[in-house]
>>> print(open('structure03.csv').read())   # CSV, C-alpha atoms
chain,number,residue,atom,x,y,z
A,281,SER,CA,15.0,7.6,33.7
A,282,VAL,CA,11.9,5.5,32.9
A,283,LEU,CA,12.7,5.8,29.2
A,284,SER,CA,16.3,4.9,29.8
A,285,ARG,CA,15.4,1.7,31.6
A,286,CYS,CA,12.9,0.9,28.8
A,287,GLU,CA,15.6,1.4,26.2
A,288,ASN,CA,18.1,-0.8,28.1
A,289,GLN,CA,15.5,-3.6,28.6
A,290,ILE,CA,14.5,-3.5,24.9
A,291,THR,CA,18.1,-3.8,23.8
A,292,ILE,CA,18.8,-6.7,26.1
A,293,LEU,CA,15.7,-8.6,25.1
A,294,SER,CA,16.4,-8.2,21.4
A,295,ASP,CA,20.0,-9.3,21.6
A,296,TYR,CA,18.7,-12.9,21.8
A,297,SER,CA,18.3,-14.8,18.6
A,298,GLU,CA,18.0,-18.5,17.8
A,299,GLU,CA,20.2,-20.3,15.3
A,300,PHE,CA,18.5,-22.1,12.4
A,301,PRO,CA,17.7,-25.7,13.1
A,302,ASP,CA,19.0,-28.7,11.1
A,303,THR,CA,16.2,-29.3,8.6
A,304,ASP,CA,15.7,-30.3,4.9
A,305,GLU,CA,12.9,-27.7,4.6
A,306,PRO,CA,13.7,-24.7,2.4
A,307,VAL,CA,14.0,-21.2,3.7
A,308,TRP,CA,12.4,-18.5,1.7
A,309,ILE,CA,13.7,-14.9,2.0
A,310,LEU,CA,12.0,-12.2,-0.1
A,311,GLY,CA,11.5,-14.4,-3.2
A,312,ARG,CA,14.7,-16.4,-2.9
A,313,GLN,CA,14.9,-20.0,-1.8
A,314,HIS,CA,17.8,-21.3,0.4
A,315,HIS,CA,18.7,-24.7,1.7
A,316,LEU,CA,20.2,-24.8,5.2
A,317,ASN,CA,22.1,-28.1,4.5
A,318,THR,CA,24.0,-26.7,1.5
A,319,ASP,CA,24.1,-22.9,1.6
A,320,LYS,CA,23.5,-21.6,5.1
A,321,SER,CA,26.2,-19.0,4.7
A,322,LYS,CA,24.5,-17.6,1.6
A,323,LEU,CA,21.2,-17.5,3.5
A,324,LEU,CA,22.8,-15.5,6.3
A,325,LEU,CA,24.5,-13.1,3.8
A,326,ASP,CA,21.1,-12.6,2.1
A,327,ILE,CA,19.5,-11.7,5.4
A,328,SER,CA,22.3,-9.4,6.6
A,329,ALA,CA,22.1,-7.5,3.2
A,330,ARG,CA,18.7,-6.2,4.1
A,331,LEU,CA,18.8,-2.7,5.6
A,332,TRP,CA,17.9,-3.0,9.3
A,333,PHE,CA,16.4,0.1,11.0
A,334,THR,CA,16.0,0.1,14.8
A,335,TYR,CA,15.1,2.5,17.5
A,336,ARG,CA,17.6,5.4,17.7
A,337,ARG,CA,18.4,7.9,20.4
A,338,LYS,CA,20.1,11.3,20.6
A,339,PHE,CA,18.8,12.6,17.2
A,340,SER,CA,17.5,16.2,16.9
A,341,PRO,CA,14.1,16.6,18.6
A,342,ILE,CA,11.2,15.9,16.3
A,343,GLY,CA,9.4,19.1,15.4
A,344,GLY,CA,12.1,21.0,17.4
A,345,THR,CA,10.6,20.3,20.8
A,346,GLY,CA,9.5,16.6,20.5
A,347,PRO,CA,11.2,13.4,21.4
A,348,SER,CA,14.9,12.7,20.6
A,349,SER,CA,14.4,9.0,20.6
A,350,ASP,CA,11.7,6.7,19.2
A,351,ALA,CA,12.3,3.9,21.7
A,352,GLY,CA,9.0,2.4,22.8
A,353,TRP,CA,6.9,3.9,20.0
A,354,GLY,CA,8.6,3.9,16.6
A,355,CYS,CA,8.9,0.2,15.8
A,356,MET,CA,6.2,0.2,13.1
A,357,LEU,CA,7.7,3.3,11.5
A,358,ARG,CA,11.1,1.5,11.5
A,359,CYS,CA,9.5,-1.6,9.9
A,360,GLY,CA,8.0,0.7,7.2
A,361,GLN,CA,11.4,2.1,6.6
A,362,MET,CA,12.8,-1.4,6.2
A,363,MET,CA,10.2,-2.4,3.6
A,364,LEU,CA,10.7,0.8,1.6
A,365,ALA,CA,14.5,0.5,1.8
A,366,GLN,CA,14.2,-3.0,0.3
A,367,ALA,CA,12.2,-1.6,-2.6
A,368,LEU,CA,14.9,1.1,-3.1
A,369,ILE,CA,17.6,-1.6,-3.1
A,370,CYS,CA,15.8,-3.5,-5.8
A,371,ARG,CA,15.1,-0.2,-7.7
A,372,HIS,CA,18.8,0.9,-7.8
A,373,LEU,CA,21.0,-2.1,-7.0
A,374,GLY,CA,18.8,-5.1,-7.9
A,375,ARG,CA,17.7,-8.1,-5.9
A,376,ASP,CA,21.0,-9.9,-6.4
A,377,TRP,CA,23.0,-7.1,-4.7
A,378,GLN,CA,24.8,-8.3,-1.6
A,379,TRP,CA,26.3,-6.3,1.3
A,380,GLU,CA,29.6,-7.3,2.7
A,381,LYS,CA,31.1,-5.8,5.9
A,382,HIS,CA,33.8,-3.2,5.3
A,383,LYS,CA,33.4,-3.5,1.5
A,384,LYS,CA,33.1,-0.3,-0.5
A,385,GLN,CA,29.5,0.2,-1.7
A,386,PRO,CA,28.1,2.0,-4.7
A,387,GLU,CA,27.1,5.6,-4.5
A,388,GLU,CA,23.4,4.7,-4.9
A,389,TYR,CA,23.6,2.5,-1.7
A,390,HIS,CA,24.7,5.5,0.4
A,391,ARG,CA,22.1,7.7,-1.2
A,392,ILE,CA,19.5,5.1,-0.2
A,393,LEU,CA,20.8,5.2,3.4
A,394,GLN,CA,20.7,9.0,3.4
A,395,CYS,CA,16.9,8.8,2.7
A,396,PHE,CA,16.4,7.2,6.1
A,397,LEU,CA,18.8,9.0,8.4
A,398,ASP,CA,17.2,10.5,11.6
A,399,ARG,CA,17.2,14.1,10.4
A,400,LYS,CA,14.3,16.4,9.5
A,401,ASP,CA,15.7,17.0,6.0
A,402,CYS,CA,15.8,13.3,5.0
A,403,CYS,CA,12.8,12.3,3.0
A,404,TYR,CA,11.9,9.1,5.0
A,405,SER,CA,13.4,10.0,8.4
A,406,ILE,CA,11.6,9.2,11.6
A,407,HIS,CA,11.0,13.0,11.8
A,408,GLN,CA,9.2,13.1,8.4
A,409,MET,CA,7.2,9.9,9.1
A,410,ALA,CA,6.1,11.0,12.6
A,411,GLN,CA,5.0,14.4,11.5
A,412,MET,CA,3.2,13.1,8.4
A,413,GLY,CA,1.4,10.7,10.7
A,414,VAL,CA,-0.3,13.6,12.4
A,415,GLY,CA,-2.3,14.0,9.3
A,416,GLU,CA,-3.4,10.3,9.8
A,417,GLY,CA,-4.6,11.1,13.3
A,418,LYS,CA,-1.5,9.9,15.1
A,419,SER,CA,0.2,12.2,17.6
A,420,ILE,CA,4.0,12.3,17.6
A,421,GLY,CA,5.1,9.5,19.8
A,422,GLU,CA,2.0,7.4,19.2
A,423,TRP,CA,2.3,3.8,17.9
A,424,PHE,CA,1.3,3.3,14.2
A,425,GLY,CA,-0.5,0.3,12.7
A,426,PRO,CA,0.4,-1.3,9.3
A,427,ASN,CA,-2.1,0.7,7.3
A,428,THR,CA,-1.1,4.0,8.9
A,429,VAL,CA,2.6,3.6,8.0
A,430,ALA,CA,1.6,2.6,4.5
A,431,GLN,CA,-0.5,5.8,4.1
A,432,VAL,CA,2.4,7.9,5.4
A,433,LEU,CA,4.9,6.3,3.0
A,434,LYS,CA,2.5,6.9,0.1
A,435,LYS,CA,2.4,10.6,0.9
A,436,LEU,CA,6.1,11.1,1.6
A,437,ALA,CA,6.9,9.4,-1.7
A,438,LEU,CA,5.2,12.3,-3.6
A,439,PHE,CA,8.1,14.5,-2.5
A,440,ASP,CA,10.9,12.0,-3.4
A,441,GLU,CA,11.8,12.7,-7.0
A,442,TRP,CA,15.1,10.8,-7.0
A,443,ASN,CA,13.5,7.4,-6.3
A,444,SER,CA,10.4,8.3,-8.3
A,445,LEU,CA,8.1,5.6,-6.9
A,446,ALA,CA,4.4,5.1,-7.5
A,447,VAL,CA,3.0,3.9,-4.2
A,448,TYR,CA,-0.3,2.1,-4.3
A,449,VAL,CA,-2.0,1.2,-1.0
A,450,SER,CA,-5.0,-1.1,-1.6
A,451,MET,CA,-8.5,-0.4,-0.3
A,452,ASP,CA,-11.0,-2.9,1.0
A,453,ASN,CA,-8.7,-5.8,0.4
A,454,THR,CA,-8.9,-5.1,-3.3
A,455,VAL,CA,-6.0,-4.5,-5.8
A,456,VAL,CA,-7.2,-2.8,-9.0
A,457,ILE,CA,-5.0,-3.5,-12.0
A,458,GLU,CA,-6.5,-0.7,-14.0
A,459,ASP,CA,-5.8,1.9,-11.3
A,460,ILE,CA,-2.2,0.7,-10.8
A,461,LYS,CA,-1.4,0.9,-14.5
A,462,LYS,CA,-3.0,4.4,-14.7
A,463,MET,CA,-0.8,5.5,-11.8
A,464,CYS,CA,2.5,3.9,-13.0
A,465,TRP,CA,2.4,5.1,-16.7
A,466,CYS,CA,3.5,8.7,-16.9
A,467,PRO,CA,4.6,11.0,-19.7
A,468,PRO,CA,8.3,11.8,-20.3
A,469,GLN,CA,9.6,14.7,-18.2
A,470,SER,CA,11.9,17.4,-19.3
A,471,SER,CA,15.6,16.4,-19.2
A,472,GLY,CA,16.2,19.6,-17.3
A,473,ALA,CA,13.9,18.7,-14.4
A,474,PRO,CA,15.6,18.7,-11.0
A,475,HIS,CA,15.8,15.6,-8.9
A,476,SER,CA,16.0,15.6,-5.1
A,477,SER,CA,18.3,13.4,-3.2
A,478,GLY,CA,17.8,11.5,0.0
A,479,HIS,CA,17.9,14.9,1.8
A,480,LEU,CA,15.0,17.1,1.0
A,481,HIS,CA,17.1,20.2,0.6
A,482,ARG,CA,20.7,19.0,0.7
A,483,SER,CA,22.0,17.1,-2.3
A,484,ALA,CA,24.3,14.2,-2.0
A,485,PRO,CA,27.8,14.9,-3.5
A,486,GLY,CA,29.0,13.3,-6.7
A,487,ARG,CA,25.5,12.5,-8.0
A,488,SER,CA,25.5,10.5,-11.2
A,489,LYS,CA,23.1,11.5,-14.0
A,490,ASN,CA,22.2,7.9,-14.6
A,491,THR,CA,21.4,6.8,-11.0
A,492,ALA,CA,17.8,8.0,-10.9
A,493,GLY,CA,16.7,8.2,-14.5
A,494,PHE,CA,13.6,10.2,-15.6
A,495,CYS,CA,10.1,9.0,-15.8
A,496,THR,CA,9.8,8.0,-19.4
A,497,GLY,CA,7.2,5.3,-19.1
A,498,TRP,CA,6.5,2.8,-16.3
A,499,LYS,CA,7.1,4.3,-12.8
A,500,PRO,CA,8.5,1.7,-10.4
A,501,LEU,CA,5.7,0.4,-8.2
A,502,LEU,CA,5.6,-0.1,-4.5
A,503,LEU,CA,2.4,-2.0,-3.8
A,504,ILE,CA,1.2,-2.3,-0.2
A,505,ILE,CA,-1.8,-4.4,0.7
A,506,PRO,CA,-3.1,-3.9,4.3
A,507,LEU,CA,-5.0,-6.9,5.4
A,508,ARG,CA,-7.0,-8.3,8.4
A,509,LEU,CA,-6.4,-12.0,8.4
A,510,GLY,CA,-8.8,-12.8,11.3
A,511,ILE,CA,-10.5,-11.2,14.3
A,512,ASN,CA,-8.4,-11.8,17.4
A,513,HIS,CA,-6.0,-14.4,15.9
A,514,ILE,CA,-4.9,-15.2,12.4
A,515,ASN,CA,-7.3,-17.5,10.6
A,516,PRO,CA,-5.4,-20.8,9.7
A,517,VAL,CA,-7.1,-20.8,6.3
A,518,TYR,CA,-4.8,-17.9,5.2
A,519,ILE,CA,-1.5,-19.4,6.3
A,520,GLU,CA,-0.5,-21.1,3.1
A,521,ALA,CA,-1.4,-18.1,0.9
A,522,PHE,CA,0.4,-15.8,3.3
A,523,LYS,CA,3.6,-17.9,3.0
A,524,GLU,CA,3.2,-18.0,-0.8
A,525,CYS,CA,3.7,-14.3,-0.9
A,526,PHE,CA,7.2,-14.6,0.4
A,527,LYS,CA,8.1,-16.9,-2.5
A,528,MET,CA,7.2,-14.3,-5.2
A,529,PRO,CA,10.2,-12.5,-6.8
A,530,GLN,CA,8.4,-9.2,-6.2
A,531,SER,CA,8.1,-9.8,-2.5
A,532,LEU,CA,9.1,-7.1,0.0
A,533,GLY,CA,7.8,-9.1,3.0
A,534,ALA,CA,5.2,-8.0,5.4
A,535,LEU,CA,4.6,-5.5,8.2
A,536,GLY,CA,3.0,-6.8,11.4
A,537,GLY,CA,3.8,-8.5,14.7
A,538,LYS,CA,1.8,-8.4,17.9
A,539,PRO,CA,-0.2,-5.5,19.4
A,540,ASN,CA,2.1,-2.5,19.9
A,541,ASN,CA,5.1,-4.7,18.9
A,542,ALA,CA,6.0,-4.5,15.2
A,543,TYR,CA,8.3,-6.6,13.2
A,544,TYR,CA,9.5,-6.7,9.5
A,545,PHE,CA,8.8,-10.2,8.2
A,546,ILE,CA,11.2,-11.2,5.4
A,547,GLY,CA,10.5,-14.9,5.0
A,548,PHE,CA,9.6,-18.2,6.5
A,549,LEU,CA,10.9,-21.7,7.5
A,550,GLY,CA,8.1,-24.3,7.8
A,551,ASN,CA,5.4,-22.6,10.0
A,552,GLU,CA,7.8,-20.1,11.4
A,553,LEU,CA,8.1,-16.5,10.1
A,554,ILE,CA,11.6,-14.9,9.9
A,555,TYR,CA,11.8,-11.3,10.8
A,556,LEU,CA,14.0,-8.3,11.5
A,557,ASP,CA,13.4,-6.8,14.9
A,558,PRO,CA,13.6,-3.0,15.3
A,559,HIS,CA,13.5,-3.2,19.2
A,560,THR,CA,17.2,-2.4,19.7
A,561,THR,CA,18.1,1.1,20.7
A,562,GLN,CA,21.2,2.5,18.9
A,563,SER,CA,22.8,6.0,18.8
A,564,PHE,CA,22.0,8.4,16.0
A,565,VAL,CA,24.3,8.1,12.9
A,566,ASP,CA,24.8,10.9,10.4
A,567,SER,CA,26.4,10.9,7.0
A,568,GLU,CA,30.1,11.8,6.5
A,569,GLU,CA,31.3,14.9,4.7
A,570,ASN,CA,31.8,12.9,1.5
A,571,GLY,CA,28.2,11.7,1.6
A,572,THR,CA,28.9,8.1,2.7
A,573,VAL,CA,27.3,6.6,5.8
A,574,ASP,CA,29.0,4.4,8.5
A,575,ASP,CA,26.6,1.5,7.8
A,576,GLN,CA,27.7,-1.1,10.4
A,577,SER,CA,24.7,-0.5,12.6
A,578,PHE,CA,22.2,-0.7,9.6
A,579,HIS,CA,22.7,-4.4,9.0
A,580,CYS,CA,21.7,-7.2,11.4
A,581,GLN,CA,24.8,-9.5,11.5
A,582,GLN,CA,23.3,-12.3,13.7
A,583,ALA,CA,20.8,-15.1,13.2
A,584,PRO,CA,17.4,-13.5,12.7
A,585,HIS,CA,14.4,-13.9,15.0
A,586,ARG,CA,11.6,-16.4,14.2
A,587,MET,CA,8.1,-16.8,15.5
A,588,LYS,CA,5.2,-19.2,14.8
A,589,ILE,CA,2.8,-17.9,12.2
A,590,MET,CA,-0.2,-18.6,14.5
A,591,ASN,CA,1.2,-16.1,17.0
A,592,LEU,CA,1.0,-13.3,14.4
A,593,ASP,CA,-1.5,-10.5,15.0
A,594,PRO,CA,-4.1,-10.6,12.2
A,595,SER,CA,-3.5,-7.0,11.2
A,596,VAL,CA,-0.7,-7.0,8.6
A,597,ALA,CA,0.5,-5.3,5.4
A,598,LEU,CA,2.0,-7.2,2.4
A,599,GLY,CA,4.6,-5.4,0.3
A,600,PHE,CA,5.7,-6.0,-3.3
A,601,PHE,CA,8.0,-4.1,-5.7
A,602,CYS,CA,7.5,-4.1,-9.5
A,603,LYS,CA,10.3,-2.2,-11.3
A,604,GLU,CA,8.9,-2.8,-14.8
A,605,GLU,CA,5.3,-3.4,-16.1
A,606,CYS,CA,6.3,-7.0,-16.9
A,607,ASP,CA,7.1,-7.5,-13.2
A,608,PHE,CA,3.6,-6.4,-12.3
A,609,ASP,CA,2.0,-8.5,-15.0
A,610,ASN,CA,4.0,-11.5,-13.6
A,611,TRP,CA,2.9,-10.7,-10.1
A,612,CYS,CA,-0.8,-10.7,-11.2
A,613,SER,CA,-0.3,-14.1,-12.8
A,614,LEU,CA,1.3,-15.5,-9.7
A,615,VAL,CA,-1.5,-14.2,-7.5
A,616,GLN,CA,-4.2,-15.7,-9.8
A,617,LYS,CA,-2.3,-19.0,-9.9
A,618,GLU,CA,-0.9,-19.5,-6.4
A,619,ILE,CA,-3.3,-17.5,-4.2
A,620,LEU,CA,-6.7,-16.8,-5.6
A,621,LYS,CA,-7.4,-20.1,-7.4
A,622,GLN,CA,-6.2,-22.1,-4.4
A,623,GLN,CA,-8.2,-20.4,-1.7
A,624,SER,CA,-11.9,-20.7,-0.8
A,625,LEU,CA,-11.5,-17.7,1.5
A,626,ARG,CA,-9.2,-15.2,-0.2
A,627,MET,CA,-6.7,-12.9,1.5
A,628,PHE,CA,-7.4,-10.2,-1.0
A,629,GLU,CA,-9.1,-9.6,-4.4
A,630,LEU,CA,-7.3,-8.8,-7.6
A,631,VAL,CA,-9.7,-7.2,-10.2
A,632,GLN,CA,-9.0,-5.8,-13.6
A,633,LYS,CA,-11.4,-2.8,-13.7
A,634,HIS,CA,-12.1,-0.1,-11.2
A,635,PRO,CA,-15.2,-1.0,-9.2
A,636,PRO,CA,-18.1,1.2,-10.6
A,637,HIS,CA,-19.4,1.9,-7.1
A,638,TRP,CA,-16.1,3.4,-6.0
A,639,PRO,CA,-15.3,7.1,-6.4
A,640,PRO,CA,-13.1,7.7,-9.6
A,641,PHE,CA,-9.4,6.9,-9.2
A,642,ILE,CA,-7.2,10.0,-9.4
A,643,PRO,CA,-3.4,9.2,-9.3
A,644,PRO,CA,-1.8,11.1,-6.5
A,645,THR,CA,0.4,14.1,-7.3
A,646,LYS,CA,2.6,16.3,-5.1
A,647,PRO,CA,0.7,19.4,-3.9
A,648,GLU,CA,1.8,22.6,-5.6
A,649,VAL,CA,3.8,24.6,-3.2
A,650,THR,CA,6.6,27.2,-3.4
A,651,THR,CA,8.6,26.0,-0.4
A,652,THR,CA,11.1,23.1,-0.2
A,653,GLY,CA,9.9,19.7,1.0
A,654,ALA,CA,11.5,20.1,4.4
A,655,GLU,CA,9.8,23.5,4.9
A,656,LEU,CA,6.6,22.0,3.8
A,657,ILE,CA,6.7,19.2,6.3
A,658,GLU,CA,7.6,21.6,9.1
A,659,SER,CA,4.6,23.8,8.2
A,660,THR,CA,2.2,21.0,9.0
A,661,ASP,CA,-0.9,23.1,9.1
A,662,LYS,CA,-0.7,24.0,5.5
A,663,LEU,CA,0.4,20.5,4.5
A,664,PHE,CA,-2.6,18.8,6.2
A,665,GLU,CA,-5.0,21.2,4.5
A,666,LEU,CA,-3.6,20.2,1.2
A,667,GLU,CA,-3.6,16.5,2.2
A,668,GLU,CA,-7.3,16.6,3.2
A,669,GLU,CA,-8.2,18.1,-0.2
A,670,PHE,CA,-6.0,15.5,-1.9
A,671,GLU,CA,-7.5,12.6,0.0
A,672,ILE,CA,-11.0,13.6,-0.9
A,673,LEU,CA,-10.1,13.5,-4.6
A,674,SER,CA,-8.1,10.3,-4.4
A,675,VAL,CA,-10.2,8.0,-2.2
>>> encode(input="structure03.csv", output="structure tokens")
Amino acid sequence: SVLSRCENQITILSDYSEEFPDTDEPVWILGRQHHLNTDKSKLLLDISARLWFTYRRKFSPIGGTGPSSDAGWGCMLRCGQMMLAQALICRHLGRDWQWEKHKKQPEEYHRILQCFLDRKDCCYSIHQMAQMGVGEGKSIGEWFGPNTVAQVLKKLALFDEWNSLAVYVSMDNTVVIEDIKKMCWCPPQSSGAPHSSGHLHRSAPGRSKNTAGFCTGWKPLLLIIPLRLGINHINPVYIEAFKECFKMPQSLGALGGKPNNAYYFIGFLGNELIYLDPHTTQSFVDSEENGTVDDQSFHCQQAPHRMKIMNLDPSVALGFFCKEECDFDNWCSLVQKEILKQQSLRMFELVQKHPPHWPPFIPPTKPEVTTTGAELIESTDKLFELEEEFEILSV
């Protein structure tokens, strides 16, 4: 009954959102500029196209006997799902893709949604993320921070062959160009190699041979940069650089919020951040027999929430997606020009070579196992032993 009251209160509170004010200032949403006076409708369409993941209830218990709702604890996991989903949209559909209510969507769109359904056999489900978090020292039902969710996504991506992402999570506020290029360049794979779908052991129907592609060169990069932008409050010196990140065409926004209250930040207007709020509890949605998903509850169709940047907790994680090597090279140039050269106190460092005092960089690889991905995640003891060995090698 306590959980039920909590769910109802969260839903009521998050139903409130404020309309955009009349202003000449531009609005930036994940690398795209909008002007309220001339294209407000395009702005709202751009925001509603982003996949919106919220608390859910009535899904199968996590681990068989765990919680069947993530209300009250899963908000950062949902924000991590939203950031990753935006990367997959860019990967398969492109940044210019727009969602329209009741309009038929491409097969790839439904396959992306399937990756995040609240089922144990979906590669980025709340079940997979919560159980993988155990290896990061988080009990199922415990709140994650931005860095923890980044580490979980990095590990789960190793089992996702369809999207074939290289996930790089920076250490010590430092992005190493050499390490990223070493991780993203990979040799061609055999054309007969199997590809997994959004489900770990249940393929989506009607799969096209051209939707995923094989790794024949640059592996699409999901770059996550966990940061601490102050001690108890965000340091004002970082504000302009932080806002600049949302202007970059590679932007996936930021994970953050307030203590134990996570949001997915997708842009800004003036000194206010624009975010998608996961604190609404909806019922579990499964895929249809034909592989499609009823997607009405996966898009926020109201004016988004805003908050003053100075109210942001200093613990955040920036996200960027680089589909091709030229995208990454362009991102490096933008960072040098717009962030590093402008700041006396830098948000993070971008270096060419691997620091000599760091352990050698070893690109992460999927542990060799004979079971399916779903069975592997369920057998957490064996997985965590493999992860500990892998972490020692890859730190």
>>> residues_around(input="structure03.csv", residues="Leu393 of chain A", least_positions_apart="3", cutoff="9 Å", atoms="all atoms listed in the file", output="compact mmCIF listing (two decimals) with C-alpha atoms, in the coordinates of the input")
# COMPACT_ATOMS: atom_id res chain seq x y z
CA LEU A 331 18.80 -2.70 5.60
CA ALA A 365 14.50 0.50 1.80
CA GLU A 388 23.40 4.70 -4.90
CA TYR A 389 23.60 2.50 -1.70
CA HIS A 390 24.70 5.50 0.40
CA PHE A 396 16.40 7.20 6.10
CA LEU A 397 18.80 9.00 8.40
CA GLY A 478 17.80 11.50 0.00
CA SER A 567 26.40 10.90 7.00
CA THR A 572 28.90 8.10 2.70
CA VAL A 573 27.30 6.60 5.80
CA ASP A 575 26.60 1.50 7.80
CA PHE A 578 22.20 -0.70 9.60
>>> atom_distance(input="structure03.csv", atom1="atom CA of Val307 of chain A", atom2="atom CA of Gly547 of chain A")
7.3 Å
>>> closest_residue(input="structure03.csv", among="A:Pro516, A:Pro506, A:Pro584, A:Pro341", to="Ser328 of chain A", atoms="only C-alpha atoms")
A:Pro584
>>> closest_residue(input="structure03.csv", among="A:Arg312, A:Gly343, A:Ser349, A:Gly374", to="Val414 of chain A", atoms="all atoms listed in the file")
A:Gly343
>>> residues_near_point(input="structure03.csv", point="(21.2, 7.9, 11.1)", cutoff="10 Å", atoms="only C-alpha atoms", output="PyMOL selection string")
chain A and resi 333+336-337+339+393-399+402+405-406+562-567+573-575+577-578
